[in-house]
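Visitor: I'd like to ask you about the structure that follows.
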Amino acid sequence: MRSEELRKRIRGELDRIPVIDSHEHTESLDVTPPCPNNAFRIMARSFVEHDLTRSGVISAQWRAAAKSEPDGWANIRRVLPLCRNTGYLRGFLIAVQDLLGVQITEIDDSNWESVSAAFADANARSDWYKHVLRTCGNIDAVLWDQPPAEAAWPSMDRSLFIPLARFDWFAFIRLPDYRESIRRQCGDIPHTLSDVLDLMDRAVAERVQTGIGGIKIAAAYFRRLDFGEPSRSHASRVFATITSDLTEADVGQYETFIFSEIAKRAATWDLTVQIHTGMLAVNRLLSRPENGVPLPLENFLAQHSDVRFVLLHGGFPHTRDVTSLVARYPNLYVDGSWLPLLSPSAYRRTLSEWLDVLPTDRILAWGGDALRVEMSYGSLTLAKRVMADVLAERVESKILDESEAIAVAWKILRENALSLFKINEVRNKRLQHTMAGSASMS
């Protein structure tokens with residue numbers, strides 16, 4: 001009984017922490033389709049779809065669900081019970097229970113219509129995002145993997161969403177229209193490698209001016225993380241080569257050089273860099289499972305010891321490799337985003353190992369890594385349940401006293417990310433930029 005009381009007290013303290021969400025892909029209300037955000041669309045825009053497609057539901061059936069809910073339910077009802085055990089569906093059901101107030105333990109023939117209608121009604125609220133994230137989740141700021149079109153999305157709260165910029169597209173020389181793709185992003189077409197770097201300088205400076213929390217590198221989605229030694233002369237020769245004649249070795253050398261240049265600009269502007277490690281969320285031609293293996297990053301991390309790197313998702317399933325890297329390099333940090341939904345049991349084990357191995361200022365404990373705010377909330381709830389258990393075990397084992405456990409929670413859920421990504425400074429810059437833009441328009 002005493003153990004359960006301790007866990008409840010710690011959980012109550014966790015709910016009082018204004019959390020910094022370390023990683024999200026939140027979709028804008030400005031680009032959601034005209035069809036209602038019902039249960040089917042929210043499942044399709046969350047990792048629940050991954051569970052269902054693994055069990056035999058095909059993407060055409062999701063489209064049917066958006067157009068005709070009875071048909072949609074008929075197509076997925078047979079496989080939904082097979083996913084009841086997964087973290088993805090557990091997170092979704094937490095959202096149903098807590099955010100919608102619908103007290104069910106599964107979605108079935110008796111309740112799917114009411115659940116779907118409740119989601120559609122909730123999403124019709126103009127303050128739904130604020131309600132879910134700030135009121136229900138007590139989330140103070142979201143580090144947002146920002147799509148390029150964000151400037152045209154006025155509904156995103158600039159005091160809440162702190163963007164991280166991607167510059168990976170400077171490395172996409174394997175694309176047939178590589179030079180044109182840079183022109184679309186930067187306004188000018190590069191004719192030499194020096195032009196590419198000048199445009200990179202301009203792009204980074206412009207994003208810093210408008211306010212970004214850092215840089216996101218998602219290289220694992222199109223290559224392995226075994227960056228070699230960068231060579232400007234080799235990269236220059238590759239740039240001048242007709243794209244169709246490039247070998248994989250040439251492409252890899254060029255990418256290595258570009259990512260090294262991105263890291264140099266992170267150092268110049270004092271920006272923290274997130275790197276995707278571990279499992280990949282999509283199944284595409286270049287997205288091979290071995291791409292996310294984290295240990296090959298070591299050479300790149302050592303070359304850029306003046307840059308702060310955050311290794312996302314704990315590197316799951318290679319969590320111990322990520323932990324060992326962070327233990328060796330003072331400029332590295334672990335990040336637990338996605339992991340509470342991906343595998344709550346792995347999150348429990350990994351969080352406990354982090355607290356055994358790493359100083360608490362090197363841990364960012366949670367990020368939702370979701371498109372939908374409902375799934376972000378479900379992920380945070382799962383994370384807090386695990387964290388309360390892990391911290392209570394440490395108090396019971398006399399590794400920490402209760403006040404120390406609460407102090408650890410504040411660091412790993414808020415203070416570390418707040419400092420690492422300069423969130424208050426960036427938030428002020430974003431708001432000032434918004435006000436300046438409004439004044440110039442008036």
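In the structure tokens, chains take letters A, B, ... by order of appearance, with residues numbered from 1 within each chain and ligands from 1 in the order shown.
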Which residues come within 12 Å of Ala218 in chain A, counting only C-alpha atoms, excluding same-chain residues fewer than 6 positions away, as a PDB file with all heavy atoms, in the first residue's frame?

Guide:
```pdb
ATOM      1  N   ASP A 145       8.966  19.474 -35.564  1.00  0.00           N
ATOM      2  CA  ASP A 145       9.673  19.166 -36.808  1.00  0.00           C
ATOM      3  C   ASP A 145       8.881  19.839 -37.922  1.00  0.00           C
ATOM      4  O   ASP A 145       7.951  19.267 -38.491  1.00  0.00           O
ATOM      5  CB  ASP A 145       9.735  17.654 -37.009  1.00  0.00           C
ATOM      6  CG  ASP A 145      10.677  17.246 -38.118  1.00  0.00           C
ATOM      7  OD1 ASP A 145      11.076  18.117 -38.913  1.00  0.00           O
ATOM      8  OD2 ASP A 145      11.006  16.049 -38.201  1.00  0.00           O
ATOM      9  N   LEU A 164      11.904  23.170 -35.378  1.00  0.00           N
ATOM     10  CA  LEU A 164      13.257  22.749 -35.716  1.00  0.00           C
ATOM     11  C   LEU A 164      13.313  22.619 -37.231  1.00  0.00           C
ATOM     12  O   LEU A 164      12.423  22.020 -37.839  1.00  0.00           O
ATOM     13  CB  LEU A 164      13.632  21.426 -35.054  1.00  0.00           C
ATOM     14  CG  LEU A 164      14.071  21.568 -33.591  1.00  0.00           C
ATOM     15  CD1 LEU A 164      12.874  21.558 -32.663  1.00  0.00           C
ATOM     16  CD2 LEU A 164      15.058  20.489 -33.204  1.00  0.00           C
ATOM     17  N   ALA A 165      14.331  23.196 -37.826  1.00  0.00           N
ATOM     18  CA  ALA A 165      14.414  23.260 -39.288  1.00  0.00           C
ATOM     19  C   ALA A 165      15.201  22.075 -39.831  1.00  0.00           C
ATOM     20  O   ALA A 165      16.153  21.599 -39.217  1.00  0.00           O
ATOM     21  CB  ALA A 165      15.067  24.563 -39.719  1.00  0.00           C
ATOM     22  N   ARG A 166      14.790  21.628 -41.011  1.00  0.00           N
ATOM     23  CA  ARG A 166      15.549  20.617 -41.744  1.00  0.00           C
ATOM     24  C   ARG A 166      16.280  21.282 -42.913  1.00  0.00           C
ATOM     25  O   ARG A 166      15.703  22.111 -43.613  1.00  0.00           O
ATOM     26  CB  ARG A 166      14.623  19.541 -42.305  1.00  0.00           C
ATOM     27  CG  ARG A 166      13.978  18.660 -41.265  1.00  0.00           C
ATOM     28  CD  ARG A 166      13.483  17.389 -41.923  1.00  0.00           C
ATOM     29  NE  ARG A 166      12.537  16.668 -41.101  1.00  0.00           N
ATOM     30  CZ  ARG A 166      12.122  15.440 -41.380  1.00  0.00           C
ATOM     31  NH1 ARG A 166      12.581  14.813 -42.452  1.00  0.00           N
ATOM     32  NH2 ARG A 166      11.248  14.843 -40.591  1.00  0.00           N
ATOM     33  N   PHE A 167      17.509  20.872 -43.103  1.00  0.00           N
ATOM     34  CA  PHE A 167      18.278  21.289 -44.269  1.00  0.00           C
ATOM     35  C   PHE A 167      18.799  20.071 -45.033  1.00  0.00           C
ATOM     36  O   PHE A 167      19.706  20.183 -45.852  1.00  0.00           O
ATOM     37  CB  PHE A 167      19.432  22.204 -43.847  1.00  0.00           C
ATOM     38  CG  PHE A 167      18.963  23.439 -43.121  1.00  0.00           C
ATOM     39  CD1 PHE A 167      19.066  23.529 -41.740  1.00  0.00           C
ATOM     40  CD2 PHE A 167      18.385  24.487 -43.814  1.00  0.00           C
ATOM     41  CE1 PHE A 167      18.616  24.654 -41.066  1.00  0.00           C
ATOM     42  CE2 PHE A 167      17.928  25.615 -43.154  1.00  0.00           C
ATOM     43  CZ  PHE A 167      18.047  25.704 -41.777  1.00  0.00           C
ATOM     44  N   ASP A 168      18.206  18.900 -44.764  1.00  0.00           N
ATOM     45  CA  ASP A 168      18.613  17.664 -45.438  1.00  0.00           C
ATOM     46  C   ASP A 168      18.534  17.787 -46.953  1.00  0.00           C
ATOM     47  O   ASP A 168      19.298  17.138 -47.678  1.00  0.00           O
ATOM     48  CB  ASP A 168      17.704  16.503 -45.004  1.00  0.00           C
ATOM     49  CG  ASP A 168      17.846  16.144 -43.539  1.00  0.00           C
ATOM     50  OD1 ASP A 168      18.439  16.929 -42.797  1.00  0.00           O
ATOM     51  OD2 ASP A 168      17.365  15.070 -43.149  1.00  0.00           O
ATOM     52  N   TRP A 169      17.596  18.604 -47.435  1.00  0.00           N
ATOM     53  CA  TRP A 169      17.392  18.682 -48.883  1.00  0.00           C
ATOM     54  C   TRP A 169      18.617  19.208 -49.624  1.00  0.00           C
ATOM     55  O   TRP A 169      18.733  19.002 -50.834  1.00  0.00           O
ATOM     56  CB  TRP A 169      16.149  19.529 -49.199  1.00  0.00           C
ATOM     57  CG  TRP A 169      15.928  20.706 -48.316  1.00  0.00           C
ATOM     58  CD1 TRP A 169      15.260  20.728 -47.125  1.00  0.00           C
ATOM     59  CD2 TRP A 169      16.363  22.052 -48.541  1.00  0.00           C
ATOM     60  NE1 TRP A 169      15.250  21.995 -46.587  1.00  0.00           N
ATOM     61  CE2 TRP A 169      15.920  22.834 -47.433  1.00  0.00           C
ATOM     62  CE3 TRP A 169      17.074  22.678 -49.559  1.00  0.00           C
ATOM     63  CZ2 TRP A 169      16.174  24.197 -47.329  1.00  0.00           C
ATOM     64  CZ3 TRP A 169      17.324  24.033 -49.450  1.00  0.00           C
ATOM     65  CH2 TRP A 169      16.880  24.773 -48.344  1.00  0.00           C
ATOM     66  N   ALA A 171      21.330  17.846 -49.311  1.00  0.00           N
ATOM     67  CA  ALA A 171      22.100  16.622 -49.576  1.00  0.00           C
ATOM     68  C   ALA A 171      21.464  15.744 -50.645  1.00  0.00           C
ATOM     69  O   ALA A 171      22.066  14.740 -51.049  1.00  0.00           O
ATOM     70  CB  ALA A 171      22.232  15.806 -48.288  1.00  0.00           C
ATOM     71  N   PHE A 172      20.280  16.105 -51.145  1.00  0.00           N
ATOM     72  CA  PHE A 172      19.525  15.198 -52.008  1.00  0.00           C
ATOM     73  C   PHE A 172      20.025  15.198 -53.456  1.00  0.00           C
ATOM     74  O   PHE A 172      19.250  15.309 -54.402  1.00  0.00           O
ATOM     75  CB  PHE A 172      18.044  15.564 -51.983  1.00  0.00           C
ATOM     76  CG  PHE A 172      17.361  15.294 -50.682  1.00  0.00           C
ATOM     77  CD1 PHE A 172      16.098  15.823 -50.438  1.00  0.00           C
ATOM     78  CD2 PHE A 172      17.947  14.517 -49.696  1.00  0.00           C
ATOM     79  CE1 PHE A 172      15.448  15.591 -49.244  1.00  0.00           C
ATOM     80  CE2 PHE A 172      17.314  14.285 -48.495  1.00  0.00           C
ATOM     81  CZ  PHE A 172      16.055  14.810 -48.265  1.00  0.00           C
ATOM     82  N   ARG A 224      22.432   5.058 -44.552  1.00  0.00           N
ATOM     83  CA  ARG A 224      22.964   4.643 -43.254  1.00  0.00           C
ATOM     84  C   ARG A 224      23.655   5.831 -42.589  1.00  0.00           C
ATOM     85  O   ARG A 224      24.037   6.805 -43.242  1.00  0.00           O
ATOM     86  CB  ARG A 224      23.951   3.492 -43.427  1.00  0.00           C
ATOM     87  CG  ARG A 224      23.317   2.229 -43.993  1.00  0.00           C
ATOM     88  CD  ARG A 224      24.324   1.086 -44.027  1.00  0.00           C
ATOM     89  NE  ARG A 224      23.737  -0.109 -44.611  1.00  0.00           N
ATOM     90  CZ  ARG A 224      24.334  -1.289 -44.635  1.00  0.00           C
ATOM     91  NH1 ARG A 224      25.551  -1.426 -44.115  1.00  0.00           N
ATOM     92  NH2 ARG A 224      23.742  -2.336 -45.184  1.00  0.00           N
ATOM     93  N   LEU A 225      23.857   5.696 -41.283  1.00  0.00           N
ATOM     94  CA  LEU A 225      24.453   6.789 -40.520  1.00  0.00           C
ATOM     95  C   LEU A 225      25.970   6.671 -40.422  1.00  0.00           C
ATOM     96  O   LEU A 225      26.578   7.243 -39.514  1.00  0.00           O
ATOM     97  CB  LEU A 225      23.826   6.830 -39.116  1.00  0.00           C
ATOM     98  CG  LEU A 225      22.320   7.122 -39.094  1.00  0.00           C
ATOM     99  CD1 LEU A 225      21.779   7.049 -37.669  1.00  0.00           C
ATOM    100  CD2 LEU A 225      22.016   8.486 -39.703  1.00  0.00           C
ATOM    101  N   PHE A 259      26.233  17.071 -44.821  1.00  0.00           N
ATOM    102  CA  PHE A 259      25.851  16.971 -43.413  1.00  0.00           C
ATOM    103  C   PHE A 259      26.928  17.531 -42.498  1.00  0.00           C
ATOM    104  O   PHE A 259      26.635  18.100 -41.440  1.00  0.00           O
ATOM    105  CB  PHE A 259      25.496  15.528 -43.055  1.00  0.00           C
ATOM    106  CG  PHE A 259      24.128  15.133 -43.519  1.00  0.00           C
ATOM    107  CD1 PHE A 259      23.958  14.202 -44.525  1.00  0.00           C
ATOM    108  CD2 PHE A 259      22.995  15.729 -42.981  1.00  0.00           C
ATOM    109  CE1 PHE A 259      22.702  13.857 -44.978  1.00  0.00           C
ATOM    110  CE2 PHE A 259      21.727  15.397 -43.424  1.00  0.00           C
ATOM    111  CZ  PHE A 259      21.576  14.458 -44.422  1.00  0.00           C
ATOM    112  N   VAL A 273      21.221  20.025 -32.500  1.00  0.00           N
ATOM    113  CA  VAL A 273      20.843  19.204 -33.654  1.00  0.00           C
ATOM    114  C   VAL A 273      20.228  17.894 -33.176  1.00  0.00           C
ATOM    115  O   VAL A 273      20.843  17.138 -32.425  1.00  0.00           O
ATOM    116  CB  VAL A 273      22.064  18.895 -34.544  1.00  0.00           C
ATOM    117  CG1 VAL A 273      21.665  17.990 -35.710  1.00  0.00           C
ATOM    118  CG2 VAL A 273      22.687  20.185 -35.060  1.00  0.00           C
ATOM    119  N   GLN A 274      18.993  17.628 -33.611  1.00  0.00           N
ATOM    120  CA  GLN A 274      18.367  16.328 -33.390  1.00  0.00           C
ATOM    121  C   GLN A 274      18.702  15.409 -34.559  1.00  0.00           C
ATOM    122  O   GLN A 274      18.666  15.825 -35.719  1.00  0.00           O
ATOM    123  CB  GLN A 274      16.845  16.462 -33.299  1.00  0.00           C
ATOM    124  CG  GLN A 274      16.330  17.180 -32.071  1.00  0.00           C
ATOM    125  CD  GLN A 274      14.803  17.204 -32.041  1.00  0.00           C
ATOM    126  OE1 GLN A 274      14.145  17.023 -33.065  1.00  0.00           O
ATOM    127  NE2 GLN A 274      14.233  17.441 -30.873  1.00  0.00           N
ATOM    128  N   ILE A 275      18.998  14.139 -34.251  1.00  0.00           N
ATOM    129  CA  ILE A 275      19.256  13.139 -35.294  1.00  0.00           C
ATOM    130  C   ILE A 275      18.334  11.948 -35.076  1.00  0.00           C
ATOM    131  O   ILE A 275      18.285  11.385 -33.973  1.00  0.00           O
ATOM    132  CB  ILE A 275      20.719  12.659 -35.280  1.00  0.00           C
ATOM    133  CG1 ILE A 275      21.684  13.829 -35.471  1.00  0.00           C
ATOM    134  CG2 ILE A 275      20.957  11.614 -36.360  1.00  0.00           C
ATOM    135  CD1 ILE A 275      23.156  13.428 -35.439  1.00  0.00           C
ATOM    136  N   HIS A 276      17.614  11.577 -36.124  1.00  0.00           N
ATOM    137  CA  HIS A 276      16.788  10.373 -36.025  1.00  0.00           C
ATOM    138  C   HIS A 276      17.688   9.156 -35.920  1.00  0.00           C
ATOM    139  O   HIS A 276      18.580   8.950 -36.749  1.00  0.00           O
ATOM    140  CB  HIS A 276      15.880  10.228 -37.245  1.00  0.00           C
ATOM    141  CG  HIS A 276      15.030   8.991 -37.174  1.00  0.00           C
ATOM    142  ND1 HIS A 276      13.708   9.012 -36.799  1.00  0.00           N
ATOM    143  CD2 HIS A 276      15.325   7.675 -37.394  1.00  0.00           C
ATOM    144  CE1 HIS A 276      13.226   7.791 -36.806  1.00  0.00           C
ATOM    145  NE2 HIS A 276      14.195   6.958 -37.153  1.00  0.00           N
ATOM    146  N   THR A 277      17.443   8.324 -34.907  1.00  0.00           N
ATOM    147  CA  THR A 277      18.150   7.055 -34.766  1.00  0.00           C
ATOM    148  C   THR A 277      17.133   5.952 -34.500  1.00  0.00           C
ATOM    149  O   THR A 277      16.055   6.183 -33.983  1.00  0.00           O
ATOM    150  CB  THR A 277      19.173   7.079 -33.610  1.00  0.00           C
ATOM    151  OG1 THR A 277      18.489   7.322 -32.368  1.00  0.00           O
ATOM    152  CG2 THR A 277      20.227   8.152 -33.813  1.00  0.00           C
ATOM    153  N   GLY A 278      17.512   4.733 -34.879  1.00  0.00           N
ATOM    154  CA  GLY A 278      16.666   3.585 -34.590  1.00  0.00           C
ATOM    155  C   GLY A 278      15.641   3.302 -35.664  1.00  0.00           C
ATOM    156  O   GLY A 278      15.834   3.585 -36.853  1.00  0.00           O
ATOM    157  N   MET A 279      14.538   2.731 -35.229  1.00  0.00           N
ATOM    158  CA  MET A 279      13.471   2.268 -36.107  1.00  0.00           C
ATOM    159  C   MET A 279      12.942   3.399 -36.981  1.00  0.00           C
ATOM    160  O   MET A 279      12.910   4.561 -36.572  1.00  0.00           O
ATOM    161  CB  MET A 279      12.347   1.696 -35.233  1.00  0.00           C
ATOM    162  CG  MET A 279      11.256   0.985 -35.950  1.00  0.00           C
ATOM    163  SD  MET A 279      10.205   0.147 -34.729  1.00  0.00           S
ATOM    164  CE  MET A 279       8.775  -0.246 -35.720  1.00  0.00           C
ATOM    165  N   LEU A 280      12.513   3.050 -38.206  1.00  0.00           N
ATOM    166  CA  LEU A 280      11.961   4.021 -39.136  1.00  0.00           C
ATOM    167  C   LEU A 280      10.444   3.891 -39.175  1.00  0.00           C
ATOM    168  O   LEU A 280       9.898   2.793 -39.064  1.00  0.00           O
ATOM    169  CB  LEU A 280      12.547   3.818 -40.530  1.00  0.00           C
ATOM    170  CG  LEU A 280      14.076   3.827 -40.602  1.00  0.00           C
ATOM    171  CD1 LEU A 280      14.535   3.483 -42.012  1.00  0.00           C
ATOM    172  CD2 LEU A 280      14.637   5.167 -40.171  1.00  0.00           C
ATOM    173  N   ALA A 281       9.776   5.027 -39.360  1.00  0.00           N
ATOM    174  CA  ALA A 281       8.318   5.039 -39.290  1.00  0.00           C
ATOM    175  C   ALA A 281       7.651   4.755 -40.621  1.00  0.00           C
ATOM    176  O   ALA A 281       6.425   4.633 -40.675  1.00  0.00           O
ATOM    177  CB  ALA A 281       7.838   6.393 -38.758  1.00  0.00           C
ATOM    178  N   SER A 287      14.426   3.449 -47.209  1.00  0.00           N
ATOM    179  CA  SER A 287      14.271   3.413 -45.749  1.00  0.00           C
ATOM    180  C   SER A 287      14.460   2.001 -45.238  1.00  0.00           C
ATOM    181  O   SER A 287      13.502   1.292 -44.924  1.00  0.00           O
ATOM    182  CB  SER A 287      12.896   3.959 -45.353  1.00  0.00           C
ATOM    183  OG  SER A 287      12.739   5.287 -45.774  1.00  0.00           O
ATOM    184  N   ASN A 291      19.445   1.439 -41.606  1.00  0.00           N
ATOM    185  CA  ASN A 291      19.814   2.853 -41.715  1.00  0.00           C
ATOM    186  C   ASN A 291      19.876   3.545 -40.363  1.00  0.00           C
ATOM    187  O   ASN A 291      20.666   4.465 -40.163  1.00  0.00           O
ATOM    188  CB  ASN A 291      18.806   3.601 -42.596  1.00  0.00           C
ATOM    189  CG  ASN A 291      18.955   3.291 -44.072  1.00  0.00           C
ATOM    190  OD1 ASN A 291      19.718   2.406 -44.452  1.00  0.00           O
ATOM    191  ND2 ASN A 291      18.222   4.004 -44.899  1.00  0.00           N
ATOM    192  N   GLY A 292      18.998   3.151 -39.436  1.00  0.00           N
ATOM    193  CA  GLY A 292      18.912   3.853 -38.164  1.00  0.00           C
ATOM    194  C   GLY A 292      19.855   3.352 -37.084  1.00  0.00           C
ATOM    195  O   GLY A 292      19.817   3.862 -35.954  1.00  0.00           O
ATOM    196  N   LEU A 311      20.075  12.427 -29.755  1.00  0.00           N
ATOM    197  CA  LEU A 311      19.792  11.199 -30.492  1.00  0.00           C
ATOM    198  C   LEU A 311      18.358  10.781 -30.184  1.00  0.00           C
ATOM    199  O   LEU A 311      18.034  10.392 -29.060  1.00  0.00           O
ATOM    200  CB  LEU A 311      20.788  10.101 -30.117  1.00  0.00           C
ATOM    201  CG  LEU A 311      22.266  10.505 -30.299  1.00  0.00           C
ATOM    202  CD1 LEU A 311      23.183   9.310 -30.016  1.00  0.00           C
ATOM    203  CD2 LEU A 311      22.528  11.050 -31.702  1.00  0.00           C
ATOM    204  N   LEU A 312      17.507  10.886 -31.198  1.00  0.00           N
ATOM    205  CA  LEU A 312      16.068  10.724 -31.009  1.00  0.00           C
ATOM    206  C   LEU A 312      15.655   9.265 -30.809  1.00  0.00           C
ATOM    207  O   LEU A 312      16.312   8.339 -31.274  1.00  0.00           O
ATOM    208  CB  LEU A 312      15.318  11.285 -32.213  1.00  0.00           C
ATOM    209  CG  LEU A 312      15.373  12.812 -32.403  1.00  0.00           C
ATOM    210  CD1 LEU A 312      14.715  13.196 -33.726  1.00  0.00           C
ATOM    211  CD2 LEU A 312      14.698  13.545 -31.242  1.00  0.00           C
TER     212      LEU A 312
END
```

Visitor: Which residues, written as a ChimeraX atom specification, have at least one atom at most 8 Å from Ala240 in chain A, with only C-alpha atoms counted and residues fewer than 3 positions away on the same chain left out?

Guide: /A:192,236-237

Visitor: Any idea what's packed within 10 Å of Phe92 in chain A, counting only C-alpha atoms, ignoring anything in its chain fewer than 5 positions away? Could you give it as a list of chain:residue names?

Guide: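 Selected residues are A:Ala39, A:Ile42, A:Met43, A:Ser46, A:Phe47, A:Val48, A:Gly87, A:Gln97, A:Leu341, A:Glu374, A:Met375, A:Ser376, A:Tyr377, A:Gly378, A:Ser379.
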
Visitor: I'd like to know which of A:Gln209, A:Thr268, A:Thr381, A:Thr256 is closest to Arg427 in chain A, using only C-alpha atoms.

Guide: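 Nearest candidate to Arg427 in chain A out of A:Gln209, A:Thr268, A:Thr381, A:Thr256: A:Gln209.
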
Visitor: Considering only alpha helix (DSSP H) as DSSP defines it on the backbone, what residues of range 185-214 of chain A qualify? List them as a ChimeraX atom specification.

Guide: /A:185-186,193-210

Visitor: Identify all residues of range 248-343 of chain A in strand (DSSP E or B) (DSSP on the backbone) and supply them as a tab-separated table (two decimals) with all heavy atoms, in the first residue's frame.

Guide:
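Writing done, so here's selection.tsv:
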```
chain	number	residue	atom	x	y	z
A	272	THR	N	21.23	23.43	-31.42
A	272	THR	CA	21.21	22.01	-31.09
A	272	THR	C	20.67	21.22	-32.27
A	272	THR	O	19.76	21.67	-32.96
A	272	THR	CB	20.35	21.77	-29.84
A	272	THR	OG1	20.93	22.47	-28.74
A	272	THR	CG2	20.27	20.30	-29.50
A	273	VAL	N	21.22	20.03	-32.50
A	273	VAL	CA	20.84	19.20	-33.65
A	273	VAL	C	20.23	17.89	-33.18
A	273	VAL	O	20.84	17.14	-32.42
A	273	VAL	CB	22.06	18.90	-34.54
A	273	VAL	CG1	21.66	17.99	-35.71
A	273	VAL	CG2	22.69	20.19	-35.06
A	274	GLN	N	18.99	17.63	-33.61
A	274	GLN	CA	18.37	16.33	-33.39
A	274	GLN	C	18.70	15.41	-34.56
A	274	GLN	O	18.67	15.83	-35.72
A	274	GLN	CB	16.85	16.46	-33.30
A	274	GLN	CG	16.33	17.18	-32.07
A	274	GLN	CD	14.80	17.20	-32.04
A	274	GLN	OE1	14.15	17.02	-33.06
A	274	GLN	NE2	14.23	17.44	-30.87
A	275	ILE	N	19.00	14.14	-34.25
A	275	ILE	CA	19.26	13.14	-35.29
A	275	ILE	C	18.33	11.95	-35.08
A	275	ILE	O	18.29	11.39	-33.97
A	275	ILE	CB	20.72	12.66	-35.28
A	275	ILE	CG1	21.68	13.83	-35.47
A	275	ILE	CG2	20.96	11.61	-36.36
A	275	ILE	CD1	23.16	13.43	-35.44
A	309	PHE	N	24.30	17.40	-29.88
A	309	PHE	CA	23.47	16.47	-30.63
A	309	PHE	C	22.51	15.75	-29.70
A	309	PHE	O	22.89	15.31	-28.61
A	309	PHE	CB	24.33	15.42	-31.34
A	309	PHE	CG	25.17	15.95	-32.46
A	309	PHE	CD1	26.54	16.14	-32.29
A	309	PHE	CD2	24.60	16.26	-33.69
A	309	PHE	CE1	27.32	16.62	-33.32
A	309	PHE	CE2	25.38	16.74	-34.73
A	309	PHE	CZ	26.74	16.93	-34.55
A	310	VAL	N	21.27	15.60	-30.15
A	310	VAL	CA	20.26	14.83	-29.43
A	310	VAL	C	19.90	13.63	-30.29
A	310	VAL	O	19.49	13.78	-31.44
A	310	VAL	CB	18.99	15.68	-29.16
A	310	VAL	CG1	17.92	14.83	-28.49
A	310	VAL	CG2	19.33	16.89	-28.30
A	311	LEU	N	20.07	12.43	-29.75
A	311	LEU	CA	19.79	11.20	-30.49
A	311	LEU	C	18.36	10.78	-30.18
A	311	LEU	O	18.03	10.39	-29.06
A	311	LEU	CB	20.79	10.10	-30.12
A	311	LEU	CG	22.27	10.50	-30.30
A	311	LEU	CD1	23.18	9.31	-30.02
A	311	LEU	CD2	22.53	11.05	-31.70
A	332	LEU	N	26.53	14.94	-26.29
A	332	LEU	CA	25.39	14.13	-26.72
A	332	LEU	C	24.32	14.05	-25.64
A	332	LEU	O	24.62	14.08	-24.44
A	332	LEU	CB	25.83	12.70	-27.06
A	332	LEU	CG	26.88	12.50	-28.15
A	332	LEU	CD1	26.96	11.04	-28.52
A	332	LEU	CD2	26.55	13.34	-29.37
A	333	TYR	N	23.07	13.90	-26.11
A	333	TYR	CA	21.91	13.78	-25.22
A	333	TYR	C	21.00	12.69	-25.76
A	333	TYR	O	20.91	12.49	-26.97
A	333	TYR	CB	21.14	15.10	-25.16
A	333	TYR	CG	21.96	16.26	-24.65
A	333	TYR	CD1	22.87	16.91	-25.49
A	333	TYR	CD2	21.85	16.70	-23.34
A	333	TYR	CE1	23.65	17.96	-25.03
A	333	TYR	CE2	22.62	17.76	-22.87
A	333	TYR	CZ	23.52	18.38	-23.72
A	333	TYR	OH	24.29	19.42	-23.26
A	334	VAL	N	20.31	11.98	-24.85
A	334	VAL	CA	19.32	10.99	-25.27
A	334	VAL	C	17.94	11.63	-25.27
A	334	VAL	O	17.66	12.55	-24.51
A	334	VAL	CB	19.31	9.75	-24.36
A	334	VAL	CG1	20.56	8.93	-24.55
A	334	VAL	CG2	19.11	10.12	-22.90
A	335	ASP	N	17.08	11.09	-26.11
A	335	ASP	CA	15.72	11.60	-26.23
A	335	ASP	C	14.75	10.42	-26.30
A	335	ASP	O	14.95	9.50	-27.09
A	335	ASP	CB	15.60	12.46	-27.50
A	335	ASP	CG	14.18	12.98	-27.72
A	335	ASP	OD1	13.35	12.19	-28.21
A	335	ASP	OD2	13.92	14.15	-27.42
```

Visitor: Which residue, A:Leu89, A:Leu160, A:Ala122, A:Ala44, has the smallest gap to Ile107 in chain A when you use only C-alpha atoms?

Guide: A:Leu89

Visitor: As an exercise, work out the distance from CA of Glu353 in chain A to CA of Asp321 in chain A in Å and give it to one decimal place.

Guide: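 Interatomic distance, CA of Glu353 in chain A to CA of Asp321 in chain A: 11.7 Å.
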
Visitor: For a quick check of understanding, using only C-alpha atoms, which of A:Gly137, A:Arg372, A:Arg430, A:Phe222 has the smallest distance to Arg41 in chain A?

Guide: A:Arg372

Visitor: Neighbouring residues of Ser233 in chain A were defined as those with any atom within 10 Å, considering only C-alpha atoms; residues of the same chain fewer than 6 positions away were excluded. Please report them as a ChimeraX atom specification.

Guide: /A:193,239,254,257

Visitor: So what do you get for CA of Val142 in chain A versus CA of Asp21 in chain A, distance-wise?

Guide: 4.7 Å

Visitor: For Leu6 in chain A, please output as an MDAnalysis selection string all residues within 9 Å (counting only C-alpha atoms; exclusion window: fewer than 6 positions along the same chain).

Guide: chainID A and resid 388 392 395:396 402

Visitor: Find the residues around Val373 in chain A up to 8 Å (only C-alpha atoms counted), leave out those fewer than 3 positions away in its own chain, and share them as a list in words.

Guide: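 Here the qualifying residues turn out to be Thr26, Tyr129, Val132, Leu133, Ala370, Ser376 and Tyr377 of chain A.
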
Visitor: Which is closest to Asp245 in chain A among A:Leu199, A:Arg308, A:Arg207, A:Ile173, if we use only C-alpha atoms?

Guide: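 Closest to Asp245 in chain A, using only C-alpha atoms: A:Ile173.
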
Visitor: Please list as a PyMOL selection string every residue within 9 Å of Leu339 in chain A, counting only C-alpha atoms and excluding residues in the same chain fewer than 5 positions away.

Guide: chain A and resi 313-314+316+344+346-347+366-369+379+383

Visitor: Which one is closest to Val386 in chain A: A:Cys136, A:Ile58, A:Ile17, A:Ala409? Count only C-alpha atoms.

Guide: A:Ala409
